[in-house]
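To be precise, the following lines are data.pdb, and they hold PDB, C-alpha atoms.
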ATOM      1  CA  MET A   1       6.895   2.966   6.361
ATOM      2  CA  PRO A   2       7.893  -0.179   8.253
ATOM      3  CA  SER A   3       5.275  -2.517   9.670
ATOM      4  CA  GLY A   4       4.451  -2.719  13.369
ATOM      5  CA  ARG A   5       6.404  -5.967  13.551
ATOM      6  CA  THR A   6       9.496  -4.237  12.146
ATOM      7  CA  HIS A   7       9.198  -1.430  14.706
ATOM      8  CA  ASP A   8       8.961  -4.042  17.469
ATOM      9  CA  ARG A   9      12.086  -5.782  16.191
ATOM     10  CA  VAL A  10      13.992  -2.497  16.035
ATOM     11  CA  THR A  11      12.984  -1.779  19.636
ATOM     12  CA  LEU A  12      13.816  -5.250  20.960
ATOM     13  CA  TRP A  13      17.147  -5.488  19.121
ATOM     14  CA  SER A  14      18.119  -1.988  20.280
ATOM     15  CA  VAL A  15      17.481  -2.506  24.013
ATOM     16  CA  PRO A  16      20.810  -4.280  24.710
ATOM     17  CA  TRP A  17      22.735  -1.579  22.834
ATOM     18  CA  ILE A  18      20.884   1.222  24.617
ATOM     19  CA  THR A  19      21.563  -0.477  27.966
ATOM     20  CA  LEU A  20      25.241  -1.016  27.169
ATOM     21  CA  GLY A  21      25.652   2.549  25.911
ATOM     22  CA  THR A  22      24.041   3.951  29.050
ATOM     23  CA  LEU A  23      26.251   1.774  31.262
ATOM     24  CA  ILE A  24      29.363   2.962  29.454
ATOM     25  CA  LEU A  25      28.336   6.644  29.649
ATOM     26  CA  THR A  26      27.033   6.716  33.224
ATOM     27  CA  ARG A  27      28.678   3.718  34.906
ATOM     28  CA  GLU A  28      25.458   3.350  36.921
ATOM     29  CA  GLY A  29      23.334   0.211  36.592
ATOM     30  CA  ASN A  30      20.168   1.826  37.966
ATOM     31  CA  LEU A  31      20.289   4.585  35.322
ATOM     32  CA  ALA A  32      20.886   2.001  32.592
ATOM     33  CA  LEU A  33      17.844   0.085  33.851
ATOM     34  CA  ILE A  34      15.691   3.237  33.847
ATOM     35  CA  VAL A  35      16.778   4.243  30.322
ATOM     36  CA  ALA A  36      16.298   0.702  28.968
ATOM     37  CA  SER A  37      12.872   0.329  30.615
ATOM     38  CA  ALA A  38      11.705   3.729  29.356
ATOM     39  CA  PHE A  39      13.067   2.903  25.882
ATOM     40  CA  LEU A  40      11.169  -0.403  25.857
ATOM     41  CA  PHE A  41       7.983   1.265  27.104
ATOM     42  CA  SER A  42       8.332   4.003  24.501
ATOM     43  CA  GLY A  43       8.955   1.557  21.658
ATOM     44  CA  LEU A  44       6.177  -0.889  22.494
ATOM     45  CA  LEU A  45       3.457   1.179  24.213
ATOM     46  CA  PHE A  46       4.242   4.898  23.914
ATOM     47  CA  SER A  47       5.122   4.985  20.226
ATOM     48  CA  PRO A  48       4.560   7.909  17.849
ATOM     49  CA  ASP A  49       2.119   5.548  16.067
ATOM     50  CA  LEU A  50      -0.451   6.037  18.831
ATOM     51  CA  ASP A  51      -1.932   8.553  16.400
ATOM     52  CA  LEU A  52      -3.510   5.605  14.537
ATOM     53  CA  ARG A  53      -4.894   2.155  15.351
ATOM     54  CA  SER A  54      -1.506   0.482  15.521
ATOM     55  CA  ARG A  55       0.116  -2.300  17.530
ATOM     56  CA  PRO A  56       1.061   0.069  20.376
ATOM     57  CA  PHE A  57      -2.550   1.294  20.452
ATOM     58  CA  GLN A  58      -3.822  -2.303  20.635
ATOM     59  CA  ARG A  59      -1.393  -3.123  23.457
ATOM     60  CA  TRP A  60      -3.170  -0.681  25.744
ATOM     61  CA  GLY A  61      -5.979  -3.265  25.964
ATOM     62  CA  TRP A  62      -8.946  -2.017  27.967
ATOM     63  CA  PHE A  63      -7.307   1.390  28.268
ATOM     64  CA  ARG A  64      -6.838   2.002  24.543
ATOM     65  CA  PHE A  65      -9.938   4.223  24.534
ATOM     66  CA  ILE A  66      -7.863   6.984  26.154
ATOM     67  CA  TRP A  67      -5.891   7.366  22.910
ATOM     68  CA  ILE A  68      -8.940   7.825  20.639
ATOM     69  CA  PRO A  69      -9.212  11.608  21.241
ATOM     70  CA  TYR A  70      -5.452  11.856  20.616
ATOM     71  CA  GLN A  71      -5.935  10.090  17.262
ATOM     72  CA  LYS A  72      -8.754  12.430  16.294
ATOM     73  CA  MET A  73      -6.732  15.525  17.221
ATOM     74  CA  LEU A  74      -3.558  14.620  15.314
ATOM     75  CA  SER A  75      -2.965  13.429  11.802
ATOM     76  CA  HIS A  76      -0.541  10.559  11.245
ATOM     77  CA  ARG A  77       3.110  11.559  11.030
ATOM     78  CA  SER A  78       2.407  15.158  11.982
ATOM     79  CA  THR A  79       5.118  17.094  13.782
ATOM     80  CA  LEU A  80       3.123  16.868  17.004
ATOM     81  CA  SER A  81       3.142  13.059  16.924
ATOM     82  CA  HIS A  82       6.317  12.158  15.013
ATOM     83  CA  GLY A  83       8.457  15.193  15.786
ATOM     84  CA  VAL A  84      11.703  14.679  17.669
ATOM     85  CA  ILE A  85      11.284  15.864  21.283
ATOM     86  CA  ILE A  86       7.945  17.592  20.629
ATOM     87  CA  GLY A  87       6.152  14.314  19.880
ATOM     88  CA  THR A  88       7.236  12.792  23.194
ATOM     89  CA  ILE A  89       6.331  15.978  25.078
ATOM     90  CA  VAL A  90       2.854  16.058  23.504
ATOM     91  CA  ARG A  91       2.245  12.371  24.362
ATOM     92  CA  LEU A  92       3.499  12.895  27.936
ATOM     93  CA  ILE A  93       1.275  15.929  28.464
ATOM     94  CA  TYR A  94      -1.702  14.097  26.962
ATOM     95  CA  LEU A  95      -1.192  10.950  29.078
ATOM     96  CA  PHE A  96      -0.485  12.976  32.229
ATOM     97  CA  THR A  97      -3.703  14.964  31.700
ATOM     98  CA  ILE A  98      -5.805  11.804  31.228
ATOM     99  CA  VAL A  99      -4.229  10.071  34.255
ATOM    100  CA  LEU A 100      -4.688  13.200  36.356
ATOM    101  CA  LEU A 101      -8.386  13.475  35.436
ATOM    102  CA  VAL A 102      -9.009   9.798  36.191
ATOM    103  CA  ALA A 103      -7.018  10.037  39.444
ATOM    104  CA  MET A 104      -8.983  13.108  40.551
ATOM    105  CA  LEU A 105     -12.247  11.290  39.940
ATOM    106  CA  GLY A 106     -10.979   8.145  41.703
ATOM    107  CA  VAL A 107      -9.705  10.075  44.730
ATOM    108  CA  ALA A 108     -12.966  12.041  44.980
ATOM    109  CA  ILE A 109     -15.001   8.816  44.978
ATOM    110  CA  ALA A 110     -12.627   7.161  47.471
ATOM    111  CA  GLN A 111     -12.864  10.190  49.781
ATOM    112  CA  LEU A 112     -16.659   9.963  49.732
ATOM    113  CA  ILE A 113     -16.666   6.237  50.448
ATOM    114  CA  PHE A 114     -13.764   5.885  52.896
ATOM    115  CA  GLY A 115     -13.543   9.442  54.229
ATOM    116  CA  PHE A 116      -9.722   9.674  54.179
ATOM    117  CA  ASP A 117      -7.858  12.946  53.927
ATOM    118  CA  TRP A 118      -6.133  13.723  50.606
ATOM    119  CA  ASN A 119      -4.358  16.823  49.454
ATOM    120  CA  TRP A 120      -3.327  17.289  45.807
ATOM    121  CA  GLN A 121      -0.820  19.935  46.773
ATOM    122  CA  THR A 122       0.964  17.391  48.980
ATOM    123  CA  PHE A 123       0.962  14.852  46.135
ATOM    124  CA  PHE A 124       2.482  17.298  43.641
ATOM    125  CA  GLN A 125       5.013  18.392  46.273
ATOM    126  CA  LEU A 126       6.069  14.740  46.713
ATOM    127  CA  VAL A 127       6.528  14.320  42.955
ATOM    128  CA  PHE A 128       8.452  17.589  42.709
ATOM    129  CA  ASN A 129      10.665  16.593  45.653
ATOM    130  CA  TRP A 130      11.398  13.218  44.043
ATOM    131  CA  ILE A 131      12.509  14.970  40.844
ATOM    132  CA  ILE A 132      14.699  17.405  42.819
ATOM    133  CA  LEU A 133      16.244  14.593  44.890
ATOM    134  CA  ASN A 134      16.706  12.246  41.890
ATOM    135  CA  PRO A 135      17.510  14.442  38.895
ATOM    136  CA  LYS A 136      19.621  11.761  37.186
ATOM    137  CA  SER A 137      16.752   9.269  37.356
ATOM    138  CA  ALA A 138      14.264  11.814  36.007
ATOM    139  CA  ILE A 139      16.598  12.692  33.134
ATOM    140  CA  ALA A 140      17.230   8.991  32.429
ATOM    141  CA  LEU A 141      13.473   8.414  32.215
ATOM    142  CA  VAL A 142      12.976  11.246  29.723
ATOM    143  CA  VAL A 143      16.038  10.201  27.676
ATOM    144  CA  GLY A 144      14.776   6.612  27.461
ATOM    145  CA  LEU A 145      11.331   7.747  26.301
ATOM    146  CA  GLU A 146      12.838  10.035  23.683
ATOM    147  CA  LEU A 147      15.304   7.417  22.412
ATOM    148  CA  GLY A 148      12.379   5.024  21.896
ATOM    149  CA  ALA A 149      10.560   7.660  19.850
ATOM    150  CA  ILE A 150      13.698   8.508  17.862
ATOM    151  CA  SER A 151      14.261   4.836  16.978
ATOM    152  CA  HIS A 152      10.697   4.728  15.645
ATOM    153  CA  ILE A 153      11.117   7.938  13.633
ATOM    154  CA  LEU A 154      14.445   6.764  12.177
ATOM    155  CA  ALA A 155      12.935   3.405  11.193
ATOM    156  CA  ASP A 156      10.094   5.268   9.441
ATOM    157  CA  ARG A 157      12.460   7.564   7.562
ATOM    158  CA  ILE A 158      14.904   4.829   6.571
ATOM    159  CA  GLY A 159      12.056   2.524   5.499
ATOM    160  CA  SER A 160      10.406   5.257   3.412
ATOM    161  CA  SER A 161      13.731   6.202   1.799
ATOM    162  CA  TYR A 162      14.418   2.564   0.942
ATOM    163  CA  LYS A 163      10.989   2.180  -0.689
ATOM    164  CA  ARG A 164      11.556   5.370  -2.718
ATOM    165  CA  TYR A 165      14.968   4.039  -3.721
ATOM    166  CA  GLN A 166      13.431   0.743  -4.891
ATOM    167  CA  LYS A 167      10.820   2.580  -6.921
ATOM    168  CA  TYR A 168      12.801   5.527  -8.328
ATOM    169  CA  GLY A 169      16.473   4.747  -7.701
ATOM    170  CA  TRP A 170      18.755   7.442  -6.346
ATOM    171  CA  GLN A 171      16.460  10.120  -7.753
ATOM    172  CA  GLY A 172      13.855   9.094  -5.169
ATOM    173  CA  ILE A 173      16.248   9.782  -2.304
ATOM    174  CA  VAL A 174      18.271  12.770  -3.435
ATOM    175  CA  PRO A 175      16.169  15.924  -3.345
ATOM    176  CA  LYS A 176      15.557  17.440  -6.745
ATOM    177  CA  ARG A 177      16.991  20.809  -7.458
ATOM    178  CA  LYS A 178      14.447  23.403  -8.316
ATOM    179  CA  LYS A 179      15.269  25.254 -11.465
ATOM    180  CA  LYS A 180      15.565  28.915 -10.926
ATOM    181  CA  ARG A 181      13.343  30.887 -13.132
ATOM    182  CA  GLN A 182      15.185  33.502 -14.971
ATOM    183  CA  GLN A 183      12.941  36.396 -15.404
ATOM    184  CA  LYS A 184      13.331  38.205 -18.594
ATOM    185  CA  ARG A 185      13.702  41.827 -18.044
ATOM    186  CA  LYS A 186      11.363  43.940 -19.937
ATOM    187  CA  THR A 187      13.339  46.792 -21.261
ATOM    188  CA  SER A 188      11.906  49.577 -23.250
ATOM    189  CA  PRO A 189      13.761  50.548 -26.381
ATOM    190  CA  THR A 190      15.973  53.543 -25.811
ATOM    191  CA  ARG A 191      15.541  56.543 -27.997
ATOM    192  CA  LYS A 192      18.501  58.160 -29.454
ATOM    193  CA  SER A 193      18.533  61.853 -28.983
ATOM    194  CA  LYS A 194      18.801  63.973 -32.011
TER     195      LYS A 194
END
Representation of the structure as structure tokens:
Amino acid sequence: MPSGRTHDRVTLWSVPWITLGTLILTREGNLALIVASAFLFSGLLFSPDLDLRSRPFQRWGWFRFIWIPYQKMLSHRSTLSHGVIIGTIVRLIYLFTIVLLVAMLGVAIAQLIFGFDWNWQTFFQLVFNWIILNPKSAIALVVGLELGAISHILADRIGSSYKRYQKYGWQGIVPKRKKKRQQKRKTSPTRKSK
């Protein structure tokens, strides 16, 4: 498994290529900026390695405590943290839930102190409307987050394969064939009829 520094290098060296690739595919600078920003965020702060006390975890600073329950719920490199697509979805749901709980508490306190009117239904309607009006931007955001996670997962797999290769040669990389057991048939001796 590569070090945190290696993962950071992979992320930083990949950003220009991700940006260029998005520009070529979409021909839209704002989408390239969204994908590149989401990719950078995913690689440096929203990494699959949030399931342990890693560099991305440390980068959350004062807010790193929000990832401690996540670490206790998931084991390192489980499908729910390092799985393609599912890992990003689980982290998004987890972060969205934490932010929503904190926001609800903050809005409730602010309403008591300042007495302003707030409606959660209106807030969610605004978010939903933004997604409906800007589907390309929403997709670009999700694609960037997922590409950041995929670059991390690929670096892990390539790094692990290389270490197995160094230790065992090609036998460490190529899966071993399982020998099929040939079951001996128990046959009873046949009697010859008289």
Open item on the list: So, with all atoms listed in the file as the atoms that count, which of A:Phe57, A:Ile86, A:Gln125, A:Leu50 lies closest to Leu74 in chain A?
Closed with: A:Leu50
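Interatomic distance, CA of Arg157 in chain A to CA of Leu20 in chain A: 24.9 Å.
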Open item on the list: Quick one: residues within 8 Å of range 6-11 of chain A, all atoms listed in the file, excluding same-chain residues fewer than 3 positions away - as a list in words?
Closed with: Pro2, Ser3, Ser14, Val15, Phe39, Leu40, Gly43, Leu44, Gly148, Ser151, His152 and Ala155 of chain A
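Note that the spacing between CA of Asn119 in chain A and CA of Met104 in chain A amounts to 10.7 Å.
Of the listed residues (A:Leu112, A:Ala140, A:Ile98, A:Leu145), A:Ala140 comes nearest to Glu28 in chain A; the distances count only C-alpha atoms.
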TODO: To one decimal in Å, tell me the separation between CA of Ala149 in chain A and CA of Ala103 in chain A.
DONE: 26.4 Å
- [ ] Check the smallest atom-to-atom distance from each of A:Phe46, A:Phe124, A:Tyr94, A:Phe41 to Ile66 in chain A using all atoms listed in the file, then report the winner.
- [x] A:Tyr94
Open item on the list: Report as a PyMOL selection string all protein, DNA and RNA residues lying within 12 Å of Gly83 in chain A, evaluated on all atoms listed in the file, omitting residues in the same chain fewer than 2 positions from it.
Closed with: chain A and resi 47-49+76-81+85-91+146+149-154+156-157
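If you measure from each of A:Leu52, A:Leu45, A:Ile34, A:Ala108 to Lys72 in chain A using all atoms listed in the file, the closest one turns out to be A:Leu52.
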Task: Test item: the PyMOL selection byres ((chain A and resi 126-139) around 10) resolved as a PyMOL selection string - done: chain A and resi 26+30-35+120-125+140-145
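Minimum atom-to-atom distance to Trp13 in chain A, evaluated using only C-alpha atoms, belongs to A:Ala36 out of A:Trp118, A:Ile68, A:Ser160, A:Ala36.
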- [ ] Counting all atoms listed in the file, figure out which residue out of A:Ile18, A:Ser161, A:Leu12, A:Ile113 gets nearest to Ile173 in chain A.
- [x] A:Ser161
